[in-house]
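Q: Below is entry-v6.cif; it holds mmCIF, C-alpha atoms.
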```
data_run
#
loop_
_atom_site.label_atom_id
_atom_site.label_comp_id
_atom_site.auth_asym_id
_atom_site.auth_seq_id
_atom_site.Cartn_x
_atom_site.Cartn_y
_atom_site.Cartn_z
CA MET A 1 -7.54 6.70 22.95
CA ARG A 2 -4.21 8.22 22.00
CA ASP A 3 -4.39 11.39 19.93
CA VAL A 4 -2.94 10.36 16.58
CA ALA A 5 -2.23 13.90 15.45
CA ALA A 6 -0.14 14.46 18.58
CA ALA A 7 1.80 11.22 18.21
CA ARG A 8 5.49 11.95 18.03
CA PRO A 9 7.98 9.53 16.52
CA ARG A 10 10.37 8.25 19.11
CA ILE A 11 12.86 5.57 19.94
CA ASN A 12 11.48 3.40 22.71
CA ARG A 13 13.93 2.50 25.44
CA ARG A 14 12.79 -0.77 26.99
CA VAL A 15 13.80 -1.91 30.46
CA ARG A 16 14.31 -5.65 30.59
CA HIS A 17 13.07 -7.55 33.62
CA PRO A 18 16.12 -8.50 35.71
CA THR A 19 15.01 -12.09 36.17
CA ARG A 20 14.16 -12.69 32.52
CA LYS A 21 16.39 -15.13 30.73
CA THR A 22 18.04 -13.15 27.94
CA THR A 23 19.57 -14.23 24.67
CA ALA A 24 21.19 -12.24 21.91
CA VAL A 25 18.51 -10.41 19.93
CA GLN A 26 18.89 -10.76 16.15
CA LYS A 27 17.98 -7.20 15.25
CA ILE A 28 16.30 -6.15 11.99
CA TYR A 29 16.02 -2.61 10.62
CA PHE A 30 12.97 -1.72 8.47
CA ALA A 31 13.21 1.41 6.28
CA VAL A 32 9.65 2.02 5.09
CA PHE A 33 8.27 4.36 2.42
CA GLY A 34 5.96 6.79 4.21
CA SER A 35 3.48 7.98 1.54
CA GLY A 36 0.10 6.25 1.90
CA LEU A 37 -0.43 3.37 4.30
CA GLY A 38 0.26 0.25 2.22
CA HIS A 39 4.01 0.07 2.91
CA ALA A 40 3.64 0.66 6.66
CA THR A 41 0.85 -1.90 6.88
CA ARG A 42 2.88 -4.69 5.33
CA ALA A 43 6.02 -3.75 7.30
CA LEU A 44 4.08 -4.24 10.55
CA ASP A 45 2.49 -7.47 9.26
CA ILE A 46 5.90 -8.89 8.35
CA GLY A 47 7.50 -7.62 11.56
CA ARG A 48 4.91 -9.44 13.68
CA ARG A 49 5.82 -12.72 12.00
CA LEU A 50 9.53 -12.45 12.74
CA SER A 51 10.93 -14.38 15.69
CA THR A 52 12.98 -11.47 17.05
CA GLY A 53 10.03 -9.92 18.88
CA GLU A 54 9.46 -6.15 19.06
CA ASP A 55 12.75 -5.59 20.91
CA GLY A 56 14.64 -6.68 17.81
CA ILE A 57 12.93 -4.47 15.22
CA ARG A 58 13.32 -0.78 14.47
CA TYR A 59 11.17 1.03 11.90
CA SER A 60 12.37 4.12 10.03
CA CYS A 61 9.57 6.01 8.30
CA SER A 62 7.92 9.42 7.81
CA GLY A 63 4.55 11.03 7.18
CA GLN A 64 1.37 8.96 7.05
CA GLY A 65 3.29 5.71 7.30
CA LEU A 66 4.98 6.69 10.56
CA ARG A 67 1.70 7.84 12.09
CA TYR A 68 0.16 4.49 11.13
CA ILE A 69 3.00 2.52 12.75
CA LEU A 70 2.80 4.52 15.98
CA THR A 71 -1.00 4.22 16.10
CA HIS A 72 -1.33 0.53 15.29
CA SER A 73 1.75 -0.65 17.17
CA PRO A 74 2.16 1.84 20.05
CA GLY A 75 5.11 -0.04 21.54
CA ALA A 76 7.06 -0.12 18.29
CA ASP A 77 10.60 1.19 18.17
CA ALA A 78 10.27 3.82 15.43
CA VAL A 79 12.35 6.77 14.23
CA GLU A 80 11.37 9.60 11.92
CA CYS A 81 13.52 9.86 8.81
CA PRO A 82 13.67 12.93 6.55
CA SER A 83 10.64 13.02 4.27
CA LEU A 84 10.88 12.48 0.53
CA ASP A 85 7.70 12.35 -1.57
CA VAL A 86 6.38 13.44 -4.95
CA GLU A 87 4.38 16.62 -5.49
CA TRP A 88 0.56 16.59 -5.72
CA THR A 89 -1.68 19.21 -7.33
CA GLU A 90 -4.73 20.72 -5.63
CA GLU A 91 -6.88 18.41 -7.78
CA GLY A 92 -5.15 15.37 -6.31
CA SER A 93 -2.97 14.59 -9.31
CA PHE A 94 0.70 13.66 -9.53
CA SER A 95 2.46 16.86 -10.55
CA GLY A 96 5.14 16.16 -13.16
CA ARG A 97 5.92 19.87 -13.57
CA ASP A 98 6.37 20.45 -9.84
CA PHE A 99 8.42 17.26 -9.65
CA MET A 100 10.93 18.67 -12.13
CA VAL A 101 10.94 22.09 -10.44
CA HIS A 102 11.56 20.56 -7.02
CA PHE A 103 13.93 17.84 -8.22
CA PRO A 104 17.10 19.55 -6.87
CA GLN A 105 15.41 19.90 -3.48
CA MET A 106 14.32 16.25 -3.59
CA LEU A 107 17.88 15.22 -4.42
CA ARG A 108 19.08 17.08 -1.33
CA SER A 109 16.37 15.36 0.71
CA PHE A 110 17.51 12.01 -0.65
CA THR A 111 21.09 12.78 0.39
CA LYS A 112 19.83 13.66 3.88
CA GLN A 113 17.94 10.36 3.97
CA VAL A 114 21.08 8.41 3.12
CA ALA A 115 23.05 10.21 5.85
CA PHE A 116 20.25 9.69 8.38
CA GLU A 117 19.86 5.99 7.57
CA THR A 118 23.61 5.41 7.69
CA GLU A 119 23.80 6.89 11.19
CA SER A 120 20.57 5.26 12.41
CA ILE A 121 21.60 1.82 11.15
CA GLY A 122 24.98 2.25 12.82
CA ARG A 123 23.40 3.07 16.18
CA PHE A 124 20.95 0.17 16.03
CA ASP A 125 23.55 -2.33 14.74
CA PRO A 126 21.12 -4.80 13.08
CA ARG A 127 21.95 -8.10 11.41
CA VAL A 128 20.00 -7.16 8.26
CA ALA A 129 18.24 -4.10 6.82
CA VAL A 130 14.94 -4.29 4.98
CA SER A 131 14.18 -1.55 2.46
CA ASP A 132 10.52 -1.18 1.55
CA SER A 133 10.87 0.92 -1.63
CA ARG A 134 13.59 3.06 0.00
CA LEU A 135 16.72 3.36 -2.16
CA SER A 136 18.40 5.52 0.50
CA ALA A 137 18.34 2.57 2.90
CA VAL A 138 19.99 0.33 0.29
CA PHE A 139 22.88 2.80 -0.07
CA ALA A 140 23.16 3.25 3.69
CA ALA A 141 23.18 -0.48 4.45
CA ARG A 142 25.76 -1.24 1.79
CA SER A 143 28.00 1.56 3.05
CA ARG A 144 28.14 -0.36 6.33
CA SER A 145 28.62 -3.73 4.58
CA LEU A 146 25.24 -4.83 5.91
CA PRO A 147 23.01 -7.22 3.95
CA VAL A 148 19.84 -5.54 2.72
CA ILE A 149 16.60 -7.09 1.46
CA THR A 150 14.48 -4.84 -0.76
CA MET A 151 10.71 -5.14 -1.22
CA LEU A 152 9.20 -3.40 -4.25
CA ASN A 153 5.82 -2.92 -5.91
CA GLN A 154 7.46 -1.43 -8.99
CA PHE A 155 10.93 -2.06 -10.33
CA LYS A 156 11.32 0.99 -12.54
CA VAL A 157 9.93 4.49 -12.95
CA THR A 158 7.28 4.95 -15.64
CA LEU A 159 6.05 8.28 -16.89
CA PRO A 160 2.38 9.35 -16.86
CA PRO A 161 0.61 8.48 -20.16
CA ARG A 162 0.82 11.99 -21.61
CA TYR A 163 4.63 11.83 -21.50
CA ARG A 164 5.07 8.25 -22.71
CA GLY A 165 4.08 8.63 -26.35
CA ASP A 166 7.14 10.48 -27.59
CA ALA A 167 10.53 8.94 -28.31
CA LEU A 168 12.30 11.04 -25.68
CA GLY A 169 9.94 9.76 -22.99
CA ARG A 170 10.57 6.14 -23.98
CA VAL A 171 14.34 6.67 -23.94
CA TYR A 172 14.12 8.29 -20.50
CA GLU A 173 12.08 5.40 -19.14
CA ARG A 174 14.54 2.82 -20.44
CA ILE A 175 17.59 4.62 -19.07
CA ALA A 176 15.91 5.29 -15.72
CA GLY A 177 14.84 1.65 -15.52
CA ASP A 178 18.35 0.37 -16.21
CA VAL A 179 19.92 2.76 -13.68
CA LEU A 180 17.37 1.89 -11.00
CA GLY A 181 17.90 -1.79 -11.72
CA LEU A 182 21.61 -1.41 -11.03
CA MET A 183 20.88 0.43 -7.79
CA TRP A 184 18.26 -2.03 -6.51
CA SER A 185 20.57 -4.92 -7.38
CA LEU A 186 22.96 -3.74 -4.65
CA SER A 187 20.52 -5.63 -2.39
CA GLU A 188 21.10 -9.23 -1.39
CA GLN A 189 17.63 -9.98 -2.74
CA VAL A 190 14.92 -7.90 -4.40
CA LEU A 191 11.44 -9.19 -3.58
CA LEU A 192 8.76 -8.15 -6.05
CA THR A 193 5.48 -8.23 -4.15
CA ASP A 194 3.41 -9.34 -7.11
CA LEU A 195 2.43 -12.45 -9.04
CA PRO A 196 4.59 -13.77 -11.90
CA PRO A 197 3.54 -13.36 -15.56
CA PRO A 198 0.94 -13.50 -16.98
CA TYR A 199 -0.75 -12.32 -13.76
CA THR A 200 1.69 -9.54 -12.84
CA ILE A 201 -0.46 -6.58 -11.81
CA GLY A 202 2.41 -4.12 -12.08
CA GLU A 203 3.66 -5.43 -15.44
CA VAL A 204 3.99 -1.92 -16.91
CA ASN A 205 6.63 -1.25 -14.25
CA VAL A 206 8.73 -4.32 -15.12
CA GLU A 207 8.28 -4.71 -18.88
CA GLY A 208 11.41 -4.25 -20.99
CA THR A 209 13.73 -5.22 -18.15
CA ASP A 210 15.54 -8.49 -17.49
CA LEU A 211 14.49 -9.47 -13.97
CA SER A 212 15.50 -13.13 -14.02
CA ARG A 213 18.74 -12.67 -12.09
CA ILE A 214 17.62 -9.70 -9.98
CA VAL A 215 14.19 -10.18 -8.47
CA ARG A 216 12.05 -12.87 -6.93
CA TYR A 217 8.26 -12.82 -7.17
CA VAL A 218 6.85 -13.45 -3.69
CA GLY A 219 3.15 -12.71 -4.18
CA PHE A 220 0.97 -9.99 -2.68
CA THR A 221 1.72 -8.67 0.79
CA SER A 222 -1.83 -7.50 1.41
CA PRO A 223 -3.19 -8.33 4.87
CA GLY A 224 -5.42 -11.36 5.11
CA LEU A 225 -9.00 -11.06 6.31
CA GLU A 226 -8.99 -12.93 9.61
CA VAL A 227 -12.44 -11.92 10.80
CA SER A 228 -14.54 -14.11 13.08
CA GLU A 229 -18.23 -14.71 12.48
CA ASP A 230 -18.97 -12.94 15.78
CA ARG A 231 -17.27 -9.77 14.52
CA LEU A 232 -19.11 -9.99 11.22
CA GLN A 233 -22.45 -10.40 12.97
CA LYS A 234 -21.75 -7.47 15.27
CA ALA A 235 -20.94 -5.29 12.24
CA ARG A 236 -24.21 -6.32 10.58
CA GLU A 237 -26.19 -5.37 13.69
CA VAL A 238 -24.41 -2.13 14.54
CA LEU A 239 -24.63 -0.84 10.97
CA GLU A 240 -28.21 -2.10 10.50
CA PHE A 241 -27.56 -4.22 7.45
CA ASP A 242 -30.54 -5.46 5.45
CA ARG A 243 -30.91 -7.63 2.34
CA ARG A 244 -29.31 -5.12 0.01
CA PRO A 245 -25.78 -6.08 -1.17
CA LEU A 246 -23.04 -4.06 0.51
CA VAL A 247 -20.88 -1.71 -1.58
CA PHE A 248 -17.83 -0.58 0.39
CA PHE A 249 -16.07 2.59 -0.76
CA GLN A 250 -12.56 2.44 0.71
CA ILE A 251 -10.70 5.61 -0.25
CA SER A 252 -6.97 5.38 0.38
CA GLY A 253 -3.75 7.14 -0.61
CA PRO A 254 -2.16 10.48 0.29
CA ASP A 255 -4.75 12.87 1.73
CA ALA A 256 -4.02 15.45 -0.99
CA THR A 257 -5.35 13.04 -3.64
CA LYS A 258 -8.75 12.38 -2.07
CA LYS A 259 -10.87 15.51 -2.41
CA ARG A 260 -12.31 15.06 -5.92
CA PHE A 261 -12.74 11.29 -5.51
CA ILE A 262 -14.75 11.83 -2.31
CA GLU A 263 -16.90 14.50 -3.98
CA ILE A 264 -17.82 12.14 -6.86
CA VAL A 265 -18.50 9.26 -4.45
CA LEU A 266 -20.82 11.37 -2.31
CA ALA A 267 -22.64 12.56 -5.46
CA SER A 268 -23.16 8.90 -6.47
CA VAL A 269 -24.31 7.19 -3.29
CA GLY A 270 -27.78 8.68 -3.29
CA ALA A 271 -28.75 6.83 -6.47
CA LEU A 272 -26.92 3.66 -5.41
CA SER A 273 -28.49 3.50 -1.94
CA SER A 274 -31.87 2.52 -3.38
CA ARG A 275 -30.32 -0.80 -4.48
CA TYR A 276 -27.32 -1.29 -2.19
CA LYS A 277 -26.22 -0.76 1.38
CA ILE A 278 -23.47 1.87 1.12
CA VAL A 279 -20.56 2.46 3.51
CA VAL A 280 -17.85 5.02 2.70
CA SER A 281 -14.50 5.28 4.46
CA MET A 282 -12.58 8.46 3.57
CA GLY A 283 -9.38 7.03 5.07
CA TYR A 284 -8.35 10.05 7.14
CA LEU A 285 -5.99 8.62 9.74
CA GLY A 286 -6.86 10.13 13.11
CA GLY A 287 -10.35 11.18 12.00
CA SER A 288 -13.59 10.20 13.71
CA ALA A 289 -14.23 6.47 14.03
CA GLU A 290 -17.98 7.05 14.42
CA PRO A 291 -20.06 6.91 11.22
CA ARG A 292 -22.34 9.71 10.10
CA LYS A 293 -25.66 8.64 8.60
CA LEU A 294 -26.56 10.27 5.31
CA ALA A 295 -29.75 10.08 3.23
CA GLY A 296 -30.72 6.56 2.16
CA GLY A 297 -28.96 5.00 5.15
CA VAL A 298 -25.50 5.70 3.71
CA LEU A 299 -22.79 5.54 6.40
CA LEU A 300 -19.76 7.84 6.14
CA TYR A 301 -16.55 7.34 8.15
CA ASP A 302 -13.56 9.63 8.45
CA TRP A 303 -11.56 6.57 9.55
CA CYS A 304 -13.25 3.17 9.58
CA PRO A 305 -12.21 0.90 12.50
CA ILE A 306 -14.03 -2.13 11.04
CA LYS A 307 -12.79 -2.00 7.46
CA ASP A 308 -11.82 -5.70 7.49
CA GLU A 309 -15.35 -6.68 8.47
CA LEU A 310 -16.86 -4.44 5.79
CA PHE A 311 -14.45 -5.74 3.17
CA ALA A 312 -15.38 -9.32 4.05
CA LEU A 313 -19.11 -8.54 3.93
CA SER A 314 -19.02 -6.48 0.73
CA ALA A 315 -20.34 -7.63 -2.62
CA VAL A 316 -18.11 -5.14 -4.43
CA MET A 317 -15.37 -2.73 -3.36
CA VAL A 318 -14.65 0.71 -4.79
CA GLY A 319 -11.23 2.24 -4.24
CA ARG A 320 -7.80 3.18 -5.53
CA SER A 321 -5.57 0.78 -7.44
CA GLY A 322 -2.60 0.34 -5.15
CA HIS A 323 -1.00 -3.10 -4.81
CA ARG A 324 -2.37 -3.59 -1.30
CA THR A 325 -5.96 -2.98 -2.39
CA ILE A 326 -5.72 -5.14 -5.50
CA GLY A 327 -4.00 -8.00 -3.70
CA GLN A 328 -6.68 -7.99 -1.02
CA CYS A 329 -9.45 -8.02 -3.64
CA ILE A 330 -7.87 -10.99 -5.44
CA ASP A 331 -7.22 -12.99 -2.27
CA ALA A 332 -10.75 -12.34 -0.98
CA GLY A 333 -12.45 -12.84 -4.35
CA LYS A 334 -14.00 -9.36 -4.37
CA PRO A 335 -14.88 -7.64 -7.68
CA ALA A 336 -13.81 -4.01 -7.60
CA VAL A 337 -14.24 -0.69 -9.29
CA LEU A 338 -10.79 0.94 -9.32
CA VAL A 339 -10.10 4.64 -9.76
CA PRO A 340 -6.35 5.32 -9.99
CA ILE A 341 -4.84 8.61 -8.86
CA HIS A 342 -4.64 10.98 -11.83
CA ASN A 343 -1.22 10.85 -13.58
CA HIS A 344 0.00 8.20 -11.11
CA SER A 345 1.66 5.85 -13.59
CA GLU A 346 1.88 2.84 -11.24
CA GLN A 347 -1.79 3.00 -10.25
CA LEU A 348 -2.90 3.61 -13.84
CA GLY A 349 -1.03 0.51 -14.99
CA ASN A 350 -2.32 -1.57 -12.08
CA ALA A 351 -5.94 -0.64 -12.83
CA GLU A 352 -5.59 -1.42 -16.54
CA LYS A 353 -4.10 -4.86 -15.80
CA PHE A 354 -6.79 -5.62 -13.20
CA GLN A 355 -9.46 -4.87 -15.79
CA SER A 356 -7.67 -6.78 -18.58
CA LEU A 357 -7.63 -9.89 -16.35
CA GLY A 358 -11.42 -9.56 -16.05
CA LEU A 359 -11.34 -8.97 -12.28
CA GLY A 360 -13.25 -5.70 -12.21
CA ILE A 361 -13.64 -2.31 -13.85
CA ALA A 362 -11.13 0.54 -14.08
CA ILE A 363 -12.33 4.12 -14.43
CA SER A 364 -9.86 6.67 -15.75
CA PRO A 365 -9.70 9.70 -13.42
CA GLY A 366 -10.70 11.93 -16.34
CA ASP A 367 -13.84 9.83 -16.89
CA LEU A 368 -14.87 9.75 -13.23
CA LYS A 369 -18.41 11.10 -12.93
CA PRO A 370 -21.36 10.02 -10.78
CA GLU A 371 -22.99 8.25 -13.73
CA THR A 372 -19.86 6.31 -14.76
CA LEU A 373 -19.21 5.26 -11.16
CA THR A 374 -22.82 4.13 -10.69
CA ALA A 375 -22.79 2.15 -13.95
CA ALA A 376 -19.51 0.46 -13.04
CA VAL A 377 -20.83 -0.68 -9.65
CA ASP A 378 -23.95 -2.11 -11.28
CA ALA A 379 -21.86 -3.94 -13.90
CA CYS A 380 -19.51 -5.45 -11.31
CA LEU A 381 -22.44 -6.87 -9.37
CA SER A 382 -24.47 -8.12 -12.32
CA ASP A 383 -21.79 -9.92 -14.40
CA PRO A 384 -20.66 -13.28 -12.93
CA LYS A 385 -17.44 -13.32 -14.99
CA TYR A 386 -15.66 -11.14 -12.44
CA LYS A 387 -16.16 -13.61 -9.58
CA LYS A 388 -15.16 -16.52 -11.81
CA ASN A 389 -11.93 -14.84 -12.94
CA LEU A 390 -11.11 -13.82 -9.37
CA GLU A 391 -11.37 -17.43 -8.25
CA SER A 392 -8.83 -18.50 -10.89
CA VAL A 393 -6.27 -15.78 -10.12
CA GLY A 394 -6.90 -16.19 -6.41
CA LEU A 395 -5.75 -19.81 -6.59
CA VAL A 396 -2.44 -18.61 -8.07
CA SER A 397 -2.03 -15.98 -5.37
CA LYS A 398 -2.66 -18.44 -2.54
CA ARG A 399 0.36 -20.49 -3.64
CA TYR A 400 2.68 -17.62 -2.73
CA GLY A 401 1.66 -16.08 0.62
CA GLY A 402 3.72 -12.90 0.26
CA VAL A 403 3.84 -11.76 3.90
CA GLU A 404 4.96 -15.17 5.18
CA LYS A 405 7.47 -15.57 2.34
CA CYS A 406 9.02 -12.15 3.02
CA ALA A 407 9.28 -12.95 6.75
CA GLU A 408 10.91 -16.30 5.95
CA ILE A 409 13.52 -14.72 3.65
CA ILE A 410 14.32 -11.89 6.08
CA SER A 411 14.66 -14.36 8.97
CA SER A 412 17.24 -16.34 7.02
CA TYR A 413 19.57 -13.31 7.16
CA ALA A 414 18.92 -12.49 10.84
#
```
Write out the structure in this file as structure tokens.

A:
Amino acid sequence: MRDVAAARPRINRRVRHPTRKTTAVQKIYFAVFGSGLGHATRALDIGRRLSTGEDGIRYSCSGQGLRYILTHSPGADAVECPSLDVEWTEEGSFSGRDFMVHFPQMLRSFTKQVAFETESIGRFDPRVAVSDSRLSAVFAARSRSLPVITMLNQFKVTLPPRYRGDALGRVYERIAGDVLGLMWSLSEQVLLTDLPPPYTIGEVNVEGTDLSRIVRYVGFTSPGLEVSEDRLQKAREVLEFDRRPLVFFQISGPDATKKRFIEIVLASVGALSSRYKIVVSMGYLGGSAEPRKLAGGVLLYDWCPIKDELFALSAVMVGRSGHRTIGQCIDAGKPAVLVPIHNHSEQLGNAEKFQSLGLGIAISPGDLKPETLTAAVDACLSDPKYKKNLESVGLVSKRYGGVEKCAEIISSYA
């Protein structure tokens, strides 16, 4: 198996077979946000549905996202762009103070991104650029008079709760939202990967803005669970499943945000294992794919290679509150206990909306303790209202098919 840590971003130079019948390749350029794995996952899912084939797609990404692309699509044509991410504290929280301190440096990094993308797009010469939450790619594509399609989870920047109560914070949010709206609207289309009201999971990131002439709701772009019964049965046998319901802890997000969440999970599973079969994936890309067995038959993965099987078999899922995770829970009808990243305004809003729709339980990072986590898991499994509400919202989601819709729209420009 290829060593993920040693994987180096590269541009693949393919040699075409001399006898192959060739036609003009309608090339597409994907600029993908690199923090976490959700953006890279959906970019690959959409790319595989496009008729250009791998020869016609180039991915520009950094960090975790780039490593994911190179690992899960080894033949992909991928380039490493300059990194630009927010600051995280040692406790795994979004750092507003460090963000302000490092803002000038981040602005320089953004300028470097624009310059890099402008040159990279020029070399590749695509028919259309796709920006997955990358404003630098929008600027770069427009500077070359190239159509650009933007995919977003959130339309505007919202401040963490502790900054939102004062008047100055509200004014900042409104101004930032209006400015970002003008910038995103440089795109040919802005695709909001969410459900329309009243089911919009990220509503806190769109409220107070007029989206009617700017964005198009396309539904969740979470990967579907296409798992055969043979694979499910093999997972049951290998992991020695019994009659206990399965609780799957799927910990995702930037690695710097995971430490405290993992500590609380590991302090909780002992009590839970008497009633449930417990599997924990810590989500460390490149970590061991072999589970360690803990007390009570708990299985602990660094990186779980059968997460789709476990998700499909689970009675309840515990994880972060990113769009990818929530969309997958809704589409699969899985109640969830969601623990947003501390001070991460998007995830905090997502978790609150998920709970308000009656789809599961949100635990504030400040309230996360072994006893609150254990109680939330028990409540999700014992109250039938969560499954019933998931069925209703799931029917709405199935009418959209976000990955296929995005691929269809992008293809129309290629």

Q: Could you list the residues chosen by the PyMOL selection byres ((chain A and resi 243-246) around 12) in this structure as a PyMOL selection string?

A: chain A and resi 235-236+239-242+247-249+269+272-280+296-299+309-318+334+377-378+380-382

Q: Just say which residues the PyMOL selection byres ((chain A and resi 400-407) around 10) picks in this file, as number ranges by chain.

A: A: 42-43, 45-51, 149-151, 191-195, 217-224, 327, 331, 395-399, 408-412

Q: Let me make sure I understand: among A:Ser345, A:Gln154, A:Ser133, A:Gln113, which one has the smallest atom-to-atom distance to Thr200 of chain A if we use all atoms listed in the file?

A: A:Gln154

Q: What is the distance, in Å and to one decimal place, between atom CA of Trp303 of chain A and atom CA of Ala289 of chain A?

A: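 The value is 5.2 Å.
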
Q: Written as a list in words, what is the full residue list that the PyMOL selection byres ((chain A and resi 388) around 12) yields on the file shown?

A: Ile330, Gly333, Lys334, Pro335, Leu357, Gly358, Leu359, Gly360, Cys380, Asp383, Pro384, Lys385, Tyr386, Lys387, Asn389, Leu390, Glu391, Ser392, Val393, Gly394 and Leu395 of chain A

Q: Measure the distance from atom CA of Tyr199 of chain A to atom CA of Ala376 of chain A in Å and round it to one decimal.

A: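 A separation of 22.7 Å between them.
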
Q: Quick one: distance from atom CA of Val206 of chain A to atom CA of Glu346 of chain A in Å, one decimal?

A: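 Computed distance, atom CA of Val206 of chain A to atom CA of Glu346 of chain A, equals 10.6 Å.
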
Q: From the set A:Leu368, A:Ile28, A:Leu135, A:Leu152, which residue has the shortest atom-to-atom contact distance to Ile214 of chain A, counting all atoms listed in the file?

A: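 Using all atoms listed in the file, the shortest distance to Ile214 of chain A belongs to A:Leu152.
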
Q: Looking at A:Cys61, A:Leu146, A:Leu37, A:Ile326, which one is nearest to Ile201 of chain A, with distances taken over only C-alpha atoms?

A: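 Of all the options, A:Ile326 lies closest to Ile201 of chain A.
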
Q: As a list in words, please: the residues near Ser321 of chain A (cut-off 10 Å, all atoms listed in the file, same-chain neighbours under 4 positions excluded).

A: Ile201, Ser252, Gly253, Thr325, Ile326, Gly327, Ala336, Val337, Leu338, Val339, Pro340, Ile341, His344, Glu346, Gln347, Leu348, Gly349, Asn350, Ala351, Glu352, Phe354 and Ala362 of chain A

Q: Between A:Pro147, A:Pro370, A:Pro74, A:Gly319, which residue has the minimum interatomic distance to Ile121 of chain A, considering all atoms listed in the file?

A: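 Looking only at the distances to Ile121 of chain A, the closest residue turns out to be A:Pro147.
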